[in-house]
Structure formats: C-alpha cells, structure tokens
file run_17.cif (mmCIF, C-alpha atoms)
data_final
loop_
_atom_site.label_atom_id
_atom_site.label_comp_id
_atom_site.auth_asym_id
_atom_site.auth_seq_id
_atom_site.Cartn_x
_atom_site.Cartn_y
_atom_site.Cartn_z
CA MET A 1 7.02 19.91 14.22
CA ILE A 2 5.40 17.73 16.88
CA ILE A 3 4.11 14.41 15.56
CA ARG A 4 0.93 13.29 17.32
CA SER A 5 -0.08 10.34 15.17
CA ASP A 6 1.30 7.66 12.87
CA TRP A 7 -1.02 6.10 10.30
CA HIS A 8 1.32 3.61 8.57
CA ILE A 9 2.46 0.90 10.98
CA HIS A 10 2.96 -2.82 10.34
CA SER A 11 2.64 -5.42 13.06
CA GLU A 12 3.56 -9.07 13.46
CA TYR A 13 0.62 -9.90 11.22
CA SER A 14 2.42 -8.38 8.24
CA TYR A 15 5.05 -10.36 6.33
CA ASP A 16 7.63 -7.56 6.66
CA ALA A 17 7.30 -6.83 10.40
CA GLU A 18 7.52 -8.61 13.73
CA ASN A 19 6.45 -6.21 16.49
CA PRO A 20 3.40 -7.34 18.49
CA LEU A 21 0.55 -4.87 18.89
CA GLU A 22 1.19 -4.60 22.63
CA LEU A 23 4.73 -3.34 22.01
CA ILE A 24 3.58 -0.97 19.27
CA ALA A 25 0.98 0.56 21.59
CA THR A 26 3.46 0.88 24.45
CA ARG A 27 6.08 2.58 22.29
CA ALA A 28 3.47 4.89 20.80
CA THR A 29 2.41 5.98 24.28
CA GLU A 30 6.05 6.57 25.26
CA GLN A 31 6.50 8.77 22.18
CA GLY A 32 3.42 10.83 22.94
CA LEU A 33 1.30 9.62 20.02
CA CYS A 34 -2.42 10.03 20.54
CA ARG A 35 -3.54 7.94 17.52
CA ILE A 36 -1.90 5.09 15.63
CA GLY A 37 -3.08 3.18 12.60
CA ILE A 38 -2.19 -0.46 12.03
CA THR A 39 -1.94 -1.05 8.29
CA ASP A 40 -0.75 -4.58 7.71
CA HIS A 41 -0.16 -5.60 4.10
CA ALA A 42 -2.78 -7.07 1.78
CA ASN A 43 -0.50 -7.10 -1.25
CA PHE A 44 -2.29 -9.97 -2.98
CA ASN A 45 -5.68 -11.67 -2.97
CA ASP A 46 -4.19 -15.12 -2.35
CA GLU A 47 -4.98 -17.22 0.70
CA LYS A 48 -1.74 -16.23 2.46
CA PHE A 49 -2.24 -12.46 2.35
CA LEU A 50 -5.99 -12.60 2.95
CA GLY A 51 -5.32 -14.85 5.92
CA ASP A 52 -2.80 -12.34 7.27
CA LEU A 53 -5.37 -9.56 6.85
CA HIS A 54 -8.00 -11.45 8.81
CA ALA A 55 -5.47 -12.20 11.55
CA SER A 56 -4.57 -8.50 11.71
CA VAL A 57 -8.24 -7.57 11.98
CA ARG A 58 -8.76 -9.98 14.87
CA GLY A 59 -5.58 -8.84 16.61
CA VAL A 60 -6.30 -5.13 16.33
CA LYS A 61 -9.91 -5.49 17.47
CA GLU A 62 -8.73 -7.35 20.56
CA ALA A 63 -5.96 -4.80 21.22
CA GLN A 64 -8.42 -1.90 20.89
CA LYS A 65 -10.12 -3.04 24.11
CA LYS A 66 -6.99 -1.96 25.97
CA TYR A 67 -5.70 0.66 23.51
CA PRO A 68 -8.67 2.57 22.09
CA PHE A 69 -6.31 4.97 20.30
CA MET A 70 -5.41 2.16 17.89
CA VAL A 71 -7.16 2.34 14.51
CA LEU A 72 -7.67 -0.55 12.08
CA GLY A 73 -6.38 0.07 8.57
CA VAL A 74 -4.81 -1.88 5.74
CA GLU A 75 -2.13 -1.33 3.10
CA LEU A 76 -3.27 -2.20 -0.41
CA THR A 77 -0.97 -2.65 -3.40
CA PRO A 78 -1.87 -2.52 -7.10
CA ILE A 79 -2.21 -5.99 -8.62
CA ALA A 80 -2.21 -6.75 -12.35
CA LYS A 81 -5.68 -7.94 -13.36
CA PRO A 82 -4.49 -11.27 -14.87
CA HIS A 83 -2.59 -11.99 -11.65
CA PHE A 84 -5.59 -11.05 -9.53
CA ASP A 85 -7.84 -13.34 -11.57
CA TYR A 86 -5.40 -16.24 -11.25
CA MET A 87 -5.21 -15.93 -7.47
CA ALA A 88 -8.99 -15.53 -7.17
CA LYS A 89 -9.35 -18.85 -9.02
CA THR A 90 -6.52 -20.83 -7.41
CA GLY A 91 -5.99 -19.14 -4.03
CA THR A 92 -2.25 -19.03 -4.59
CA ASN A 93 0.60 -17.24 -6.34
CA GLU A 94 2.20 -20.54 -7.23
CA GLY A 95 2.38 -21.31 -10.92
CA TYR A 96 1.33 -17.89 -12.16
CA VAL A 97 2.81 -16.82 -15.48
CA ALA A 98 2.03 -13.31 -16.67
CA PRO A 99 0.56 -13.07 -20.16
CA ALA A 100 2.41 -11.20 -22.85
CA GLY A 101 1.70 -7.52 -23.13
CA GLY A 102 1.77 -4.85 -20.49
CA PHE A 103 -0.01 -1.97 -18.82
CA TYR A 104 -2.45 -4.46 -17.32
CA PRO A 105 -5.64 -3.20 -15.69
CA ILE A 106 -5.23 -2.69 -11.95
CA GLU A 107 -7.00 -4.44 -9.07
CA LEU A 108 -6.69 -4.33 -5.27
CA ALA A 109 -6.86 -7.38 -3.01
CA VAL A 110 -10.24 -6.69 -1.39
CA THR A 111 -13.42 -4.86 -2.31
CA LYS A 112 -14.86 -1.84 -0.54
CA GLU A 113 -17.65 -4.04 0.80
CA GLU A 114 -15.20 -6.61 2.15
CA LEU A 115 -13.21 -3.91 3.92
CA ALA A 116 -16.38 -2.52 5.49
CA SER A 117 -17.45 -5.98 6.66
CA LEU A 118 -14.08 -6.46 8.35
CA GLY A 119 -14.32 -3.10 10.10
CA VAL A 120 -11.30 -1.64 8.31
CA GLN A 121 -11.53 2.12 8.76
CA TYR A 122 -9.10 3.32 6.12
CA GLY A 123 -6.74 2.12 3.42
CA ILE A 124 -3.24 3.13 2.44
CA GLY A 125 -2.67 2.58 -1.27
CA ALA A 126 0.98 2.11 -2.20
CA SER A 127 2.82 0.94 -5.30
CA HIS A 128 5.64 -1.58 -4.94
CA TRP A 129 6.49 -2.93 -8.40
CA ARG A 130 6.10 -2.37 -12.12
CA MET A 131 2.87 -3.31 -13.86
CA ASP A 132 3.72 -2.41 -17.44
CA THR A 133 5.67 -5.60 -18.10
CA PRO A 134 5.24 -9.32 -17.34
CA ASP A 135 8.40 -9.17 -15.20
CA VAL A 136 7.64 -6.72 -12.38
CA ASN A 137 11.37 -6.41 -11.64
CA ALA A 138 12.45 -5.93 -15.24
CA PRO A 139 14.89 -3.14 -15.96
CA GLY A 140 13.55 -0.38 -18.14
CA THR A 141 14.13 3.13 -19.32
CA LEU A 142 13.54 5.95 -16.88
CA ASP A 143 10.67 7.22 -19.01
CA GLU A 144 8.95 3.81 -19.04
CA ILE A 145 9.17 3.38 -15.29
CA ILE A 146 7.99 6.92 -14.52
CA LYS A 147 4.97 6.50 -16.79
CA ASP A 148 3.98 3.27 -15.07
CA TRP A 149 4.46 4.71 -11.59
CA TYR A 150 2.35 7.73 -12.56
CA ARG A 151 -0.41 5.41 -13.79
CA GLN A 152 -0.39 3.51 -10.51
CA GLN A 153 -0.37 6.71 -8.41
CA MET A 154 -3.35 8.06 -10.34
CA PHE A 155 -5.27 4.81 -9.88
CA LEU A 156 -4.67 4.87 -6.14
CA ALA A 157 -5.45 8.58 -5.86
CA THR A 158 -8.88 8.02 -7.38
CA ASP A 159 -9.89 4.63 -5.94
CA GLU A 160 -12.53 4.81 -3.21
CA ARG A 161 -10.80 2.16 -1.10
CA VAL A 162 -7.75 4.38 -0.67
CA THR A 163 -7.69 7.07 2.03
CA VAL A 164 -3.95 7.75 2.01
CA LEU A 165 -1.54 7.60 -0.93
CA GLY A 166 1.39 5.76 0.60
CA HIS A 167 5.06 6.53 -0.10
CA PRO A 168 4.47 8.11 -3.54
CA TRP A 169 7.27 7.54 -6.06
CA TRP A 170 9.00 5.00 -3.82
CA HIS A 171 10.33 2.38 -6.17
CA GLY A 172 11.24 -0.87 -4.49
CA GLY A 173 14.98 -0.40 -4.12
CA ARG A 174 15.55 1.23 -7.53
CA TYR A 175 16.67 4.82 -7.17
CA GLU A 176 16.39 6.38 -10.62
CA TRP A 177 14.89 9.64 -9.38
CA TYR A 178 15.82 9.69 -5.70
CA GLU A 179 18.84 11.94 -6.24
CA ASP A 180 17.16 14.13 -8.85
CA PHE A 181 13.42 14.35 -8.39
CA SER A 182 13.22 16.91 -11.17
CA VAL A 183 13.18 14.02 -13.67
CA ILE A 184 9.52 13.52 -12.65
CA PRO A 185 7.45 15.84 -14.87
CA HIS A 186 5.86 18.59 -12.80
CA SER A 187 2.55 17.98 -14.58
CA MET A 188 2.40 14.44 -13.19
CA ASN A 189 2.71 15.64 -9.62
CA MET A 190 0.08 18.30 -10.25
CA ASP A 191 -2.27 15.65 -11.68
CA ILE A 192 -1.77 13.42 -8.65
CA ALA A 193 -2.23 16.33 -6.24
CA ALA A 194 -5.42 17.43 -8.01
CA ALA A 195 -6.85 13.89 -7.89
CA LEU A 196 -6.06 13.60 -4.18
CA LYS A 197 -7.62 16.98 -3.44
CA GLU A 198 -10.74 16.23 -5.45
CA GLY A 199 -11.20 12.93 -3.63
CA GLY A 200 -10.50 14.38 -0.19
CA LYS A 201 -7.56 12.05 0.29
CA TYR A 202 -4.25 12.35 2.13
CA VAL A 203 -0.70 11.77 1.03
CA GLU A 204 1.99 10.18 3.18
CA CYS A 205 5.10 12.19 3.96
CA ASN A 206 8.31 10.36 4.90
CA SER A 207 11.36 11.96 6.45
CA GLY A 208 13.59 9.89 4.16
#

call {"tool": "encode", "arguments": {"input": "run_17.cif", "output": "structure tokens"}}
result
Amino acid sequence: MIIRSDWHIHSEYSYDAENPLELIATRATEQGLCRIGITDHANFNDEKFLGDLHASVRGVKEAQKKYPFMVLGVELTPIAKPHFDYMAKTGTNEGYVAPAGGFYPIELAVTKEELASLGVQYGIGASHWRMDTPDVNAPGTLDEIIKDWYRQQMFLATDERVTVLGHPWWHGGRYEWYEDFSVIPHSMNMDIAAALKEGGKYVECNSG
C-alpha cells in the first residue's frame, strides 16, 4: 500500500508535540505525501487549550501560503459536562472536583460554529480517558471500561463536528483488550461502523 496522505499530525502548537510546521511540511514532501492535516489538540475548553488551538490556526494559515497541501484540522476529545461547565465559567482546570456519579453527558471543546469561524476544515474525535467515574484514571472491570469506551465512540461517530473517528479503542496506556480484541463485543463494532457509515465519516487506521 502506498500512503499518499496523513490526516492526524500534531505540531509544536500541541502539548504533546514539538515539530514546527516547516519541518512537518518538508518531511511530508520527502515522503511523497500529497496532503497532510494538522490536527493539534483541543482536549479541553480552558484558556490553555483554546489558546493553543488559536495559535495552531494562525500557524497553519501562515504555513499554507508556502505549503498549500497542508489542511487545517483539530483533534477533539470527549469532556464530561460538569468539567466542561466548570472550565467555561472559570477558564481553567485548576480546582475542579468531579461530582459524584458517573456516565456524565459528553461535550467537546468548541462548537461547530466556532470551528467554522476559525476555518477548521475537519475534526478528529478521539477518546483518551474514562468518563463513567469521577476519577478518569480509576481502575475498573473490563466490562465497565468497554461500555464507557463504546459510549464515547458512539458519541464521536454521530457528532457533526467529527469527520474522523481517531484511534478507536485506544485506551491511554491501559491494554486490557490489546492482546485479545475479541473481548470487545462484535455488536459494538458493528454499531460504531453503522453510525460512521450513516454519517459519512471516516475511521483512523494505525499500523500499531
């Protein structure tokens, strides 16, 4: 298989990357890629992540003058509604304490209208943590974690801000099903696939 494009790339404007756009574009050209998408993280709706998103938008738009094959995207992560509301009010993550309960409603950091106003052309929706417990890193039974991941995948597969379902079933360093994917009920994957197909969306494939 010859790969001609890469739609999930983080730049120096993302907290987990450091490559400048110039280097990314140069390496992409060397590898024969004809299109690349820059999808820096907007994990939260706090001032830090929203500031990073705006910096990414400015950087990509400037880089597009020289590298028109570069496309502006964003990576969006499910946020628990109480957490989203807290950050919308305070502008920060600091001091947040999750309320008791679980299976919180899901939000994303920016609205469809905000993405359009920024010129973002597509969104990758990707889960990174649990949302069925106040402690997103809490241990749990395999069944509990699978059910929550399924819920998040279905939300992303049906949300109009998401164009690509990113790294489905990736689970933040926990590997409950990585060696035996059959523990994921087949019906869940069929549900996710049907939702993606109905919405005309894509799903990311990773070699690993």

call {"tool": "closest_residue", "arguments": {"input": "run_17.cif", "among": "A:Ala55, A:Cys205, A:Leu108, A:Met188", "to": "Asp6 in chain A", "atoms": "all atoms listed in the file"}}
result
A:Cys205

call {"tool": "residues_around", "arguments": {"input": "run_17.cif", "residues": "range 194-196 of chain A", "least_positions_apart": "5", "cutoff": "7 Å", "atoms": "all atoms listed in the file", "output": "number ranges by chain"}}
result
A: 157-158, 201-202

call {"tool": "write_last_selection", "arguments": {"input": "run_17.cif", "atoms": "C-alpha atoms", "output": "short mmCIF file (atom, residue, chain, number, x, y, z; two decimals), in the frame of the given file"}}
result
data_model
loop_
_atom_site.label_atom_id
_atom_site.label_comp_id
_atom_site.auth_asym_id
_atom_site.auth_seq_id
_atom_site.Cartn_x
_atom_site.Cartn_y
_atom_site.Cartn_z
CA ALA A 157 -5.45 8.58 -5.86
CA THR A 158 -8.88 8.02 -7.38
CA LYS A 201 -7.56 12.05 0.29
CA TYR A 202 -4.25 12.35 2.13
#

call {"tool": "atom_distance", "arguments": {"input": "run_17.cif", "atom1": "CA of Ile9 in chain A", "atom2": "CA of Ile38 in chain A"}}
result
5.0 Å

call {"tool": "closest_residue", "arguments": {"input": "run_17.cif", "among": "A:Ala126, A:Leu115, A:Leu142, A:Gly166", "to": "Phe181 in chain A", "atoms": "only C-alpha atoms"}}
result
A:Leu142

call {"tool": "resolve_selection", "arguments": {"input": "run_17.cif", "expression": "the PyMOL selection byres ((chain A and resi 143) around 12)", "output": "number ranges by chain"}}
result
A: 132, 139-142, 144-150, 176-177, 183-185

call {"tool": "closest_residue", "arguments": {"input": "run_17.cif", "among": "A:His171, A:Phe103, A:Glu94, A:Ile192", "to": "Asn137 in chain A", "atoms": "all atoms listed in the file"}}
result
A:His171

call {"tool": "resolve_selection", "arguments": {"input": "run_17.cif", "expression": "the PyMOL selection byres ((chain A and resi 73-76) around 7)", "output": "PyMOL selection string"}}
result
chain A and resi 37-43+71-72+77-78+108-109+120-126

call {"tool": "atom_distance", "arguments": {"input": "run_17.cif", "atom1": "CA of Ala80 in chain A", "atom2": "CA of His186 in chain A"}}
result
26.6 Å

call {"tool": "atom_distance", "arguments": {"input": "run_17.cif", "atom1": "CA of Leu53 in chain A", "atom2": "CA of Gly119 in chain A"}}
result
11.5 Å

call {"tool": "axis_aligned_box", "arguments": {"input": "run_17.cif", "around": "range 52-66 of chain A", "padding_each_side": "3 Å", "output": "JSON"}}
result
{"center_x": -6.5, "center_y": -7.1, "center_z": 16.4, "size_x": 13.3, "size_y": 16.4, "size_z": 25.1}

call {"tool": "residues_around", "arguments": {"input": "run_17.cif", "residues": "range 18-22 of chain A", "least_positions_apart": "3", "cutoff": "9 Å", "atoms": "only C-alpha atoms", "output": "list in words"}}
result
His10, Ser11, Glu12, Tyr13, Ser14, Tyr15, Ala25, Thr26, Arg27, Ile38, Gly59, Val60, Ala63 and Tyr67 of chain A

call {"tool": "resolve_selection", "arguments": {"input": "run_17.cif", "expression": "the PyMOL selection byres ((chain A and resi 105) around 10)", "output": "PDB file with C-alpha atoms, keeping the file's coordinate frame"}}
result
ATOM      1  CA  PRO A  78      -1.870  -2.520  -7.100  1.00  0.00           C
ATOM      2  CA  ILE A  79      -2.210  -5.990  -8.620  1.00  0.00           C
ATOM      3  CA  ALA A  80      -2.210  -6.750 -12.350  1.00  0.00           C
ATOM      4  CA  LYS A  81      -5.680  -7.940 -13.360  1.00  0.00           C
ATOM      5  CA  PRO A  82      -4.490 -11.270 -14.870  1.00  0.00           C
ATOM      6  CA  PHE A  84      -5.590 -11.050  -9.530  1.00  0.00           C
ATOM      7  CA  GLY A 102       1.770  -4.850 -20.490  1.00  0.00           C
ATOM      8  CA  PHE A 103      -0.010  -1.970 -18.820  1.00  0.00           C
ATOM      9  CA  TYR A 104      -2.450  -4.460 -17.320  1.00  0.00           C
ATOM     10  CA  ILE A 106      -5.230  -2.690 -11.950  1.00  0.00           C
ATOM     11  CA  GLU A 107      -7.000  -4.440  -9.070  1.00  0.00           C
ATOM     12  CA  MET A 131       2.870  -3.310 -13.860  1.00  0.00           C
ATOM     13  CA  ASP A 132       3.720  -2.410 -17.440  1.00  0.00           C
ATOM     14  CA  GLN A 152      -0.390   3.510 -10.510  1.00  0.00           C
ATOM     15  CA  PHE A 155      -5.270   4.810  -9.880  1.00  0.00           C
TER      16      PHE A 155
END

call {"tool": "closest_residue", "arguments": {"input": "run_17.cif", "among": "A:Asp180, A:Val164, A:Cys34, A:Gly95", "to": "Gly200 in chain A", "atoms": "only C-alpha atoms"}}
result
A:Val164

call {"tool": "residues_around", "arguments": {"input": "run_17.cif", "residues": "Ile3 in chain A", "least_positions_apart": "6", "cutoff": "10 Å", "atoms": "only C-alpha atoms", "output": "ChimeraX atom specification"}}
result
/A:31-34

call {"tool": "closest_residue", "arguments": {"input": "run_17.cif", "among": "A:Asp135, A:Ala17, A:Asp159, A:Ile24", "to": "Glu198 in chain A", "atoms": "all atoms listed in the file"}}
result
A:Asp159

call {"tool": "closest_residue", "arguments": {"input": "run_17.cif", "among": "A:Val97, A:Ser5, A:Phe44, A:Arg130", "to": "Phe69 in chain A", "atoms": "all atoms listed in the file"}}
result
A:Ser5

call {"tool": "decode", "arguments": {"input": "run_17.cif", "residues": "range 180-192 of chain A", "atoms": "C-alpha atoms", "output": "PDB file, in the first residue's frame"}}
result
ATOM      1  CA  ASP A 180      -7.244 -10.095  22.682  1.00  0.00           C
ATOM      2  CA  PHE A 181      -9.550  -7.805  20.761  1.00  0.00           C
ATOM      3  CA  SER A 182     -12.242 -10.461  20.808  1.00  0.00           C
ATOM      4  CA  VAL A 183     -13.226  -9.250  24.287  1.00  0.00           C
ATOM      5  CA  ILE A 184     -14.915  -6.301  22.517  1.00  0.00           C
ATOM      6  CA  PRO A 185     -18.438  -7.459  21.621  1.00  0.00           C
ATOM      7  CA  HIS A 186     -18.836  -7.727  17.853  1.00  0.00           C
ATOM      8  CA  SER A 187     -22.161  -5.886  18.101  1.00  0.00           C
ATOM      9  CA  MET A 188     -20.403  -2.795  19.460  1.00  0.00           C
ATOM     10  CA  ASN A 189     -18.072  -2.608  16.487  1.00  0.00           C
ATOM     11  CA  MET A 190     -20.993  -3.102  14.112  1.00  0.00           C
ATOM     12  CA  ASP A 191     -22.893  -0.275  15.846  1.00  0.00           C
ATOM     13  CA  ILE A 192     -19.915   2.055  15.547  1.00  0.00           C
TER      14      ILE A 192
END
